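Asks: Before we start, here is the structure in question, set down as structure tokens.
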Amino acid sequence: MEANHDVVVVGAGPAGLATAYYLRDLGLDIQVLEAGSDIGGRTLSRDLAGAPVNTGAMFIYRGTRAESLATELGIRTAPFHPGTYGVHVDGVTSVASSTSGVVDALLLPDESKQALAEFMESVSREYNANTSEGAITENAAGLVNETVAERLAHLPGPARSVIETAVRGGAVGDATQLSAKYALRYLASYIVHEQDNRLYPVDGMQSLPRALAGRCGTGTRITTNTRVSSVQERDGLFEVVVDHGGESKVLTSRHVVMAVPAPLLAGITVGLPDWKLDALKAAETPGSTTLTVAANVDGLEGIADWSFVSTVGKKFDAIINPLPGVVPSDGIVRFTCYGNSAGFLPGIENDEARINEWVEEFLEVAPELRGRIAGAVAATWEHCFSVLSPKRNDALPELRRSIGNLHFAGDYTSETAGSHGAYEEGHRVAQLLRAELSVPA
């Protein structure tokens, strides 16, 4: 057989597009295949009340491949500058600039209030000891094998529920899964009002993968609505069976890069060895649902200052305002409710009744906004970002390990997970391919 393509990339999310982008100067024939109708994966941005909003990944993290790409590609960003932290529990929403201010207003038993305040203060101290200018330092290396749940075991039930909800809201996965190291980023950074680790792409997170797609080079073709049903090696080449518009065909390629969520790999890639299958089991990638609500906050500057509010007992686990303290000229602030514990809710995007249920719960947290809602949009993923767990960290070498000319890239093969990790993995795999093709970086 002769190869139709030099490289086939399965998946046009951040990892797949970054792989193609970092090979753009080689004159290769690269085919990127995307099952969905759009590129960018879980960086999906939508228009809501006249402005782009992020329905999945929210931020570009400083010091990551995502930030360097954003700079290189001219993506407009604004800093995330939180000045508050918030908790909603038992019908009370408390948002304040200090730990005591948050905790004192809650209707929790005194024992739980004291334990919650002490825990938040201890988390703040640990964050400051293990970060520098918003980045996690080598000091935190020992935390990667601990889970957050181990830190919560001594807390009274009500206090533990507040923190467990905050963990689910800030990271995909729960306290029994998330490593203590990455709780610094996805929990503690909000509590301490970290000013230096997040950037908000004002034209939407999807503006970055779209810019990559536009700069991949003339040898790269990106095809959407194309589902890959199998990838199998035969006689030194890969056969990639695809369905596009109801028509099935076979592509052949010298190299294949699998840039899809970990749970999909075993069903697509024929003949994976046991060591790879075992590693993939450690890459838990649960579902998630979000609701973004646009609301007019004129005269309600306190709500415009909200940045992160954990919401105990709601359909969603947290509310994030990516531009706290900023009121646009139209007076509308866009809040994203992260329902990581809700999981995958197929059809909710077009289900007005279910969207309204979520909006009503949002209004229970922010009753001042009743009558001020300018719109809402929902999104859901069967496989969202991989969980930053100790067991996935242990499996990383084998998750990343190629099988001949079959390569693996995604947030699940990344130390940091998320879209920022996926961009880094696209770069890593592109460098592997350059080495195999004997082309210098």
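Chain lettering (A, B, ...) mirrors the order of the structure tokens, residue numbering begins at 1 for each chain separately, and ligand numbering begins at 1 in order of display.
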Sort by chain and increasing residue number a table of all residues of segment 47-88 of chain A within 7 Å of segment 194-212 of chain A, each with its closest pair of atoms and their distance in Å to one decimal, counting only C-alpha atoms, and write it as a tab-separated table.
Replies:
```
residue	atom	partner	partner_atom	distance
A:Pro52	CA	A:Gly204	CA	5.5
A:Val53	CA	A:Gly204	CA	5.9
A:Asn54	CA	A:Gly204	CA	5.9
A:Ala57	CA	A:Met205	CA	7.0
A:Met58	CA	A:Met205	CA	6.7
A:Phe59	CA	A:Tyr200	CA	5.2
A:Ile60	CA	A:Leu199	CA	5.0
A:Tyr61	CA	A:Arg198	CA	4.6
A:Arg62	CA	A:Asn197	CA	5.1
A:Ala70	CA	A:Leu208	CA	6.5
A:Leu73	CA	A:Ala211	CA	6.6
A:Ile75	CA	A:Leu208	CA	6.6
A:Arg76	CA	A:Pro201	CA	5.8
A:Thr77	CA	A:Pro201	CA	4.3
A:Ala78	CA	A:Tyr200	CA	5.1
A:Pro79	CA	A:Leu199	CA	4.5
A:Phe80	CA	A:Arg198	CA	5.5
A:His81	CA	A:Gln195	CA	5.0
A:Pro82	CA	A:Gln195	CA	6.7
```
Asks: I need the residue nearest Gly375 of chain A from this list: A:Ala49, A:Val8, A:Leu323, A:Val333. Use only C-alpha atoms for the distance.
Replies: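 When distances to Gly375 of chain A are compared using only C-alpha atoms, the smallest one comes from A:Ala49.
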Asks: Select, from A:Thr336, A:Asn4, A:Ser248, A:Ser341, the residue with the minimum atom-to-atom distance to Leu28 of chain A, counting only C-alpha atoms.
Replies: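 Of A:Thr336, A:Asn4, A:Ser248, A:Ser341, the one nearest Leu28 of chain A is A:Asn4, counting only C-alpha atoms.
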Asks: Can you list, as a PyMOL selection string, every protein, DNA or RNA residue that comes within 12 Å of Glu357 of chain A when you count only C-alpha atoms, leaving out same-chain residues fewer than 4 positions away?
Replies: chain A and resi 291+314-316+348+351-353+361-364+376+378
Asks: For segment 215-232 of chain A, list every protein, DNA or RNA residue within 9 Å, evaluated using only C-alpha atoms, and leave out those in the same chain fewer than 4 positions away; present the list as an MDAnalysis selection string.
Replies: chainID A and resid 10 12 17:18 20:39 73 210:211 237:245 256 267:271
Asks: Write out as a count of residues only the set of residues from segment 147-328 of chain A that DSSP, computed on the backbone, places in strand (DSSP E).
Replies: 53
Asks: What's around Ser389 of chain A at 7 Å? Count only C-alpha atoms, leave out sequence neighbours fewer than 6 positions away in its own chain, and write the answer as an mmCIF file with N, CA and C atoms, in the first residue's frame.
Replies:
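New file selection_26.cif:
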```
data_model
loop_
_atom_site.group_PDB
_atom_site.id
_atom_site.type_symbol
_atom_site.label_atom_id
_atom_site.label_comp_id
_atom_site.auth_asym_id
_atom_site.auth_seq_id
_atom_site.Cartn_x
_atom_site.Cartn_y
_atom_site.Cartn_z
ATOM 1 N N GLN A 177 -10.480 12.217 44.192
ATOM 2 C CA GLN A 177 -9.679 12.025 42.987
ATOM 3 C C GLN A 177 -8.591 13.081 42.831
ATOM 4 N N LEU A 178 -8.932 14.341 43.073
ATOM 5 C CA LEU A 178 -8.007 15.440 42.786
ATOM 6 C C LEU A 178 -6.799 15.407 43.710
ATOM 7 N N SER A 179 -5.601 15.523 43.120
ATOM 8 C CA SER A 179 -4.393 15.532 43.928
ATOM 9 C C SER A 179 -4.271 16.847 44.690
#
```
Asks: Please list as an MDAnalysis selection string every residue within 6 Å of Ser288 of chain A, counting only C-alpha atoms and excluding residues in the same chain fewer than 6 positions away.
Replies: chainID A and resid 339:340 343:344 380:381 384
Asks: Taking into account only C-alpha atoms, which residue in the set A:Glu118, A:Gly371, A:Pro14, A:Ala159 is nearest to Leu69 of chain A?
Replies: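 Checking each candidate against Leu69 of chain A, we get A:Pro14 as the closest.
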